[in-house]
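Undergrad: My file is start_14.cif. It has mmCIF, C-alpha atoms and all ligand atoms:
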```
data_coords
#
loop_
_atom_site.label_atom_id
_atom_site.label_comp_id
_atom_site.auth_asym_id
_atom_site.auth_seq_id
_atom_site.Cartn_x
_atom_site.Cartn_y
_atom_site.Cartn_z
CA MET N 394 0.00 0.00 0.00
CA GLY N 395 2.86 2.38 0.99
CA PHE N 396 4.63 1.67 -2.30
CA PHE N 397 1.43 2.29 -4.28
CA ILE N 398 0.84 5.70 -2.62
CA THR N 399 4.52 6.70 -3.18
CA PHE N 400 4.18 5.68 -6.83
CA ILE N 401 0.98 7.74 -7.29
CA ILE N 402 2.63 10.80 -5.64
CA PHE N 403 5.66 10.35 -7.95
CA ILE N 404 3.40 10.24 -11.04
CA ILE N 405 1.49 13.35 -9.87
CA ILE N 406 4.80 15.25 -9.39
CA ILE N 407 5.98 14.24 -12.89
CA ILE N 408 2.64 15.33 -14.44
CA PHE N 409 2.81 18.60 -12.50
CA ILE N 410 6.37 19.35 -13.72
CA PHE N 411 5.57 18.56 -17.37
CA SER N 412 2.39 20.66 -17.36
CA SER N 413 3.71 23.61 -15.32
CA LYS N 414 4.56 26.87 -17.12
CA LYS N 415 7.50 27.39 -14.73
CA PHE N 416 9.21 24.02 -15.26
CA SER N 417 8.18 23.45 -18.87
CA PRO N 418 7.27 26.74 -20.62
CA ILE N 419 7.32 24.96 -24.02
CA PRO N 420 5.90 21.43 -24.12
CA TYR N 421 8.36 18.56 -24.54
CA PHE N 422 8.23 16.89 -27.97
CA PRO N 423 11.37 15.13 -29.22
CA SER N 424 12.60 15.70 -32.77
CA GLN N 425 11.43 12.90 -35.06
CA PRO N 426 13.93 9.98 -34.89
CA VAL N 427 13.60 9.46 -38.66
CA ASP N 428 14.96 13.01 -39.23
CA ILE N 429 18.00 12.68 -36.93
CA PRO N 430 20.49 11.82 -39.75
CA LEU N 431 19.30 14.92 -41.67
CA ILE N 432 19.56 17.09 -38.55
CA ILE N 433 23.14 15.86 -38.02
CA LYS N 434 23.90 16.72 -41.64
CA ALA N 435 22.43 20.20 -41.09
CA LEU N 436 24.61 20.72 -37.99
CA ASN N 437 27.65 20.24 -40.25
CA LEU N 438 29.87 18.82 -37.48
CA LYS N 439 33.50 19.92 -37.51
CA ASN N 440 36.50 20.50 -35.25
CA ASN N 441 36.53 23.59 -33.00
CA GLN N 442 32.74 23.88 -33.07
CA THR N 443 30.27 24.03 -30.18
CA VAL N 444 26.75 22.76 -30.80
CA PHE N 445 23.97 23.93 -28.46
CA ASP N 446 20.57 22.30 -28.22
CA LEU N 447 18.50 25.01 -26.52
CA GLY N 448 15.63 23.15 -24.87
CA ALA N 449 17.33 19.77 -25.26
CA GLY N 450 14.48 17.50 -24.06
CA ASP N 451 15.77 13.95 -23.57
CA GLY N 452 18.85 14.78 -25.66
CA ILE N 453 17.99 12.75 -28.75
CA VAL N 454 19.68 15.34 -30.99
CA ILE N 455 22.69 16.18 -28.83
CA PHE N 456 23.53 12.54 -28.00
CA SER N 457 23.11 11.36 -31.62
CA ALA N 458 25.25 14.23 -32.92
CA ALA N 459 27.89 13.61 -30.21
CA LYS N 460 28.01 9.94 -31.25
CA SER N 461 28.51 10.91 -34.89
CA SER N 462 31.27 13.36 -33.90
CA TYR N 463 32.95 10.63 -31.81
CA GLN N 464 32.88 8.22 -34.76
CA GLN N 465 34.44 10.89 -37.00
CA LYS N 466 37.11 11.60 -34.30
CA LEU N 467 36.15 15.29 -34.10
CA ASN N 468 36.68 17.49 -31.04
CA THR N 469 33.21 19.13 -31.34
CA LYS N 470 31.70 20.24 -28.02
CA PHE N 471 28.00 19.75 -27.22
CA ILE N 472 25.92 21.74 -24.74
CA ALA N 473 22.38 20.65 -23.85
CA VAL N 474 20.37 23.39 -22.12
CA GLU N 475 17.12 22.40 -20.44
CA ILE N 476 14.79 23.91 -17.82
CA ASN N 477 12.71 20.88 -16.86
CA PRO N 478 14.32 19.19 -13.78
CA VAL N 479 13.10 15.71 -14.75
CA LEU N 480 14.64 16.02 -18.22
CA ILE N 481 17.86 17.40 -16.66
CA LEU N 482 18.07 14.22 -14.59
CA VAL N 483 17.48 12.09 -17.72
CA LEU N 484 20.17 14.04 -19.61
CA HIS N 485 22.74 13.54 -16.81
CA LEU N 486 21.98 9.82 -16.64
CA LEU N 487 22.27 9.32 -20.42
CA ARG N 488 25.47 11.36 -20.53
CA LEU N 489 27.08 8.99 -18.00
CA PHE N 490 26.87 6.11 -20.50
CA HIS N 491 27.80 8.08 -23.64
CA PRO N 492 31.15 7.27 -25.32
CA ASN N 493 31.74 10.98 -26.06
CA ARG N 494 30.68 12.25 -22.57
CA LYS N 495 33.84 14.33 -22.10
CA ASN N 496 32.61 16.64 -24.88
CA ILE N 497 29.01 16.90 -23.62
CA LYS N 498 27.87 19.43 -21.05
CA ILE N 499 24.40 19.57 -19.48
CA VAL N 500 23.21 23.00 -18.35
CA HIS N 501 20.11 23.69 -16.26
CA ASP N 502 19.03 27.14 -17.42
CA ASP N 503 16.32 29.24 -19.06
CA ILE N 504 17.05 29.72 -22.78
CA PHE N 505 15.23 33.08 -22.83
CA LYS N 506 17.60 34.61 -20.29
CA MET N 507 20.75 32.49 -20.19
CA ASN N 508 24.16 34.09 -20.16
CA PHE N 509 26.41 32.50 -22.80
CA SER N 510 29.60 34.13 -21.49
CA GLN N 511 29.72 31.74 -18.49
CA LEU N 512 30.17 28.75 -20.84
CA SER N 513 33.77 29.29 -22.07
CA ILE N 514 32.89 28.97 -25.74
CA ASN N 515 35.49 31.48 -26.98
CA ASN N 516 37.16 30.75 -30.31
CA TYR N 517 34.68 28.03 -31.15
CA GLN N 518 32.29 28.23 -34.06
CA LEU N 519 28.78 28.17 -32.60
CA THR N 520 25.87 26.22 -33.97
CA ILE N 521 22.49 26.50 -32.25
CA TYR N 522 19.85 23.80 -32.65
CA LEU N 523 16.26 24.76 -31.86
CA TYR N 524 13.00 22.87 -31.87
CA ILE N 525 10.60 25.25 -30.18
CA SER N 526 7.41 27.01 -31.19
CA PRO N 527 7.69 30.07 -33.51
CA TRP N 528 6.78 32.73 -30.91
CA PHE N 529 9.46 31.37 -28.53
CA LEU N 530 12.02 31.04 -31.36
CA GLU N 531 12.13 34.81 -31.84
CA LYS N 532 12.54 35.44 -28.09
CA THR N 533 15.43 32.95 -27.90
CA ILE N 534 17.17 34.31 -31.01
CA LEU N 535 16.95 37.84 -29.60
CA ASN N 536 18.71 36.72 -26.40
CA ILE N 537 21.49 35.04 -28.46
CA LYS N 538 21.90 38.02 -30.82
CA ASN N 539 22.28 40.33 -27.82
CA GLN N 540 25.33 38.34 -26.66
CA ILE N 541 26.93 36.60 -29.65
CA ASN N 542 28.13 38.16 -32.91
CA LYS N 543 28.42 35.12 -35.10
CA PHE N 544 26.52 31.84 -34.96
CA GLU N 545 24.74 29.36 -37.20
CA THR N 546 21.22 28.18 -36.45
CA VAL N 547 19.40 24.98 -37.33
CA SER N 548 15.67 25.16 -36.65
CA TYR N 549 13.52 22.04 -36.77
CA MET N 550 10.08 22.47 -38.32
CA TYR N 551 9.76 26.25 -37.97
CA PRO N 552 11.44 29.07 -39.97
CA ILE N 553 12.90 32.01 -38.03
CA LYS N 554 11.44 35.23 -39.41
CA SER N 555 14.01 37.55 -37.82
CA LEU N 556 16.96 35.75 -39.50
CA LYS N 557 16.73 37.33 -42.92
CA LYS N 558 18.97 39.62 -44.90
CA VAL N 559 18.66 43.14 -43.49
CA GLY N 560 21.34 45.79 -43.08
CA GLN N 561 25.08 45.47 -43.58
CA ARG N 562 26.52 44.12 -40.31
CA PRO N 563 27.63 40.43 -40.37
CA ILE N 564 24.93 39.63 -37.78
CA ASP N 565 22.32 40.95 -40.27
CA LEU N 566 23.40 38.87 -43.27
CA TRP N 567 21.74 35.49 -43.16
CA SER N 568 21.39 32.88 -45.85
CA LYS N 569 18.74 30.19 -45.52
CA LYS N 570 18.81 26.57 -46.71
CA ILE N 571 16.06 24.01 -46.24
CA ILE N 572 16.41 20.24 -45.91
CA GLU N 573 13.20 18.31 -46.55
CA GLY N 574 12.74 15.51 -44.04
CA LYS N 575 9.56 14.25 -42.40
CA ASN N 576 9.55 17.84 -41.14
CA ARG N 577 11.52 20.69 -42.68
CA ILE N 578 14.93 21.64 -41.29
CA PHE N 579 15.92 25.30 -41.71
CA ILE N 580 19.61 26.22 -41.73
CA TYR N 581 20.69 29.84 -41.23
CA ASN N 582 24.30 30.94 -41.58
C1 LIG E 1 9.86 20.60 -28.44
S1 LIG E 1 11.01 20.09 -27.14
C2 LIG E 1 12.48 19.80 -28.09
C3 LIG E 1 13.41 18.81 -27.45
C4 LIG E 1 14.73 18.56 -28.20
N1 LIG E 1 15.40 19.79 -28.56
C5 LIG E 1 14.52 17.74 -29.43
O1 LIG E 1 14.63 18.31 -30.52
O2 LIG E 1 14.19 16.54 -29.33
C6 LIG E 1 11.33 21.68 -26.30
C7 LIG E 1 12.11 21.52 -25.03
O3 LIG E 1 12.45 22.82 -24.54
C8 LIG E 1 12.40 22.80 -23.11
N2 LIG E 1 12.18 24.17 -22.66
C9 LIG E 1 11.03 24.86 -22.70
N3 LIG E 1 11.20 26.12 -22.27
C10 LIG E 1 12.50 26.24 -21.92
C11 LIG E 1 13.28 27.29 -21.37
N4 LIG E 1 12.74 28.50 -21.13
N5 LIG E 1 14.59 27.06 -21.13
C12 LIG E 1 15.14 25.84 -21.38
N6 LIG E 1 14.44 24.79 -21.90
C13 LIG E 1 13.14 24.99 -22.17
C14 LIG E 1 11.23 21.86 -22.80
O4 LIG E 1 11.31 21.36 -21.49
C15 LIG E 1 11.41 20.79 -23.90
O5 LIG E 1 12.21 19.75 -23.44
#
```
As structure tokens, what does this structure read like?
TA:
Amino acid sequence: MGFFITFIIFIIIIIFIFSSKKFSPIPYFPSQPVDIPLIIKALNLKNNQTVFDLGAGDGIVIFSAAKSSYQQKLNTKFIAVEINPVLILVLHLLRLFHPNRKNIKIVHDDIFKMNFSQLSINNYQLTIYLYISPWFLEKTILNIKNQINKFETVSYMYPIKSLKKVGQRPIDLWSKKIIEGKNRIFIYN
């Protein structure tokens, strides 16, 4: 009986965390497994590159990309940023068993406000992966643009309206490519 009540309380806490605006402002949906090879292609893995998954979920993208990088013997760094404490726990557990764990960092933070300067990413080419709803995409991109001068972005399913050619500064000159998978993958660089 005691075990049953503990189990029910555990399930209620999990449901509360996944439905709360504070712990999960954007609902958790993983990228489609069938599109992962195309997403890895879009990330264009290379040496001296840092790949962020902002709102990393269970890490399907970051762990698959880190595995590909490991197989290619690259020194690419991977940073998974997540706000949901349950998913943070899952990410830490999965990282423990990953062959490329030394190049993977898990960060518990809010992608709308996070400070990139604390992450020692100097001199690395930055690639940001995003799979979040359009209205949150713009908010996240604004926070990145306010702190970082040069980065590439891969957006799953949704285009990013603010990344288009305007003005003359490097940060204003974006080119867009699209890969057609089960869902579209937008690449901005
Ligand atoms: C649609 S899922 C995408 C998961 C993963 N990137 C993937 O492609 O499989 C969005 C994720 O963003 C997380 N998230 C929502 N708001 C966030 C915030 N403000 N800061 C950090 N992560 C957030 C959610 O918890 C969820 O795991």
Undergrad: For ligand LIG 1 (chain E), which residue out of N:Ile514, N:Ile419, N:Ile534, N:Leu482 is the nearest one, using all atoms listed in the file?
TA: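 Closest to ligand LIG 1 (chain E) of all the choices is N:Ile419.
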Undergrad: Can you pull out every residue within 10 Å of Leu530 of chain N, counting only C-alpha atoms, but drop anything in the same chain fewer than 2 positions away, and send it as a PyMOL selection string?
TA: chain N and resi 505+523-528+532-535+548+551-555
Undergrad: Determine, using only C-alpha atoms, which residues of segment 456-509 of chain N have any atom at most 10 Å from an atom of segment 426-434 of chain N, and tabulate each with its shortest atom pair and distance in Å to one decimal place, rows ordered by chain and then rising number, as CSV.
TA:
```
residue,atom,partner,partner_atom,distance
N:Ser457,CA,N:Ile429,CA,7.5
N:Ala458,CA,N:Ile433,CA,5.8
N:Ala459,CA,N:Ile433,CA,9.4
N:Ser461,CA,N:Ile433,CA,7.9
N:Ser462,CA,N:Ile433,CA,9.5
```
Undergrad: Excluding Asn516 of chain N and residues on its chain fewer than 5 positions from it, collect all residues at most 10 Å away from it, counting all atoms listed in the file, and give them as a VMD selection string.
TA: chain N and resid 441 to 443
Undergrad: Which residues are near ligand LIG 1 (chain E) - at most 8 Å, using only C-alpha atoms and all ligand atoms? Format: as a ChimeraX atom specification.
TA: /N:411,416-425,446-454,474-477,480,501-506,522-526,549
Undergrad: Rank N:Lys543, N:Leu486, N:Ala435, N:Met507 by their smallest atom-to-atom distance to Arg577 of chain N, using all atoms listed in the file, and report the top residue only.
TA: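 Counting all atoms listed in the file, the residue closest to Arg577 of chain N is N:Ala435.
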Undergrad: Which is closer to Lys415 of chain N than all the others in N:Gln518, N:Pro478, N:Phe400, N:Val500, using only C-alpha atoms?
TA: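 Nearest to Lys415 of chain N: N:Pro478.
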Undergrad: Could you tell me how far atom CA of Asn468 of chain N lies from atom CA of Asn440 of chain N, in Å and to one decimal?
TA: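 Computing the Euclidean distance for atom CA of Asn468 of chain N and atom CA of Asn440 of chain N yields 5.2 Å.
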Undergrad: Using only C-alpha atoms, which of the listed residues (N:Leu519, N:Leu487, N:Met394, N:Val547) sits closest to Val444 of chain N?
TA: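 Among the listed residues, N:Leu519 lies closest to Val444 of chain N.
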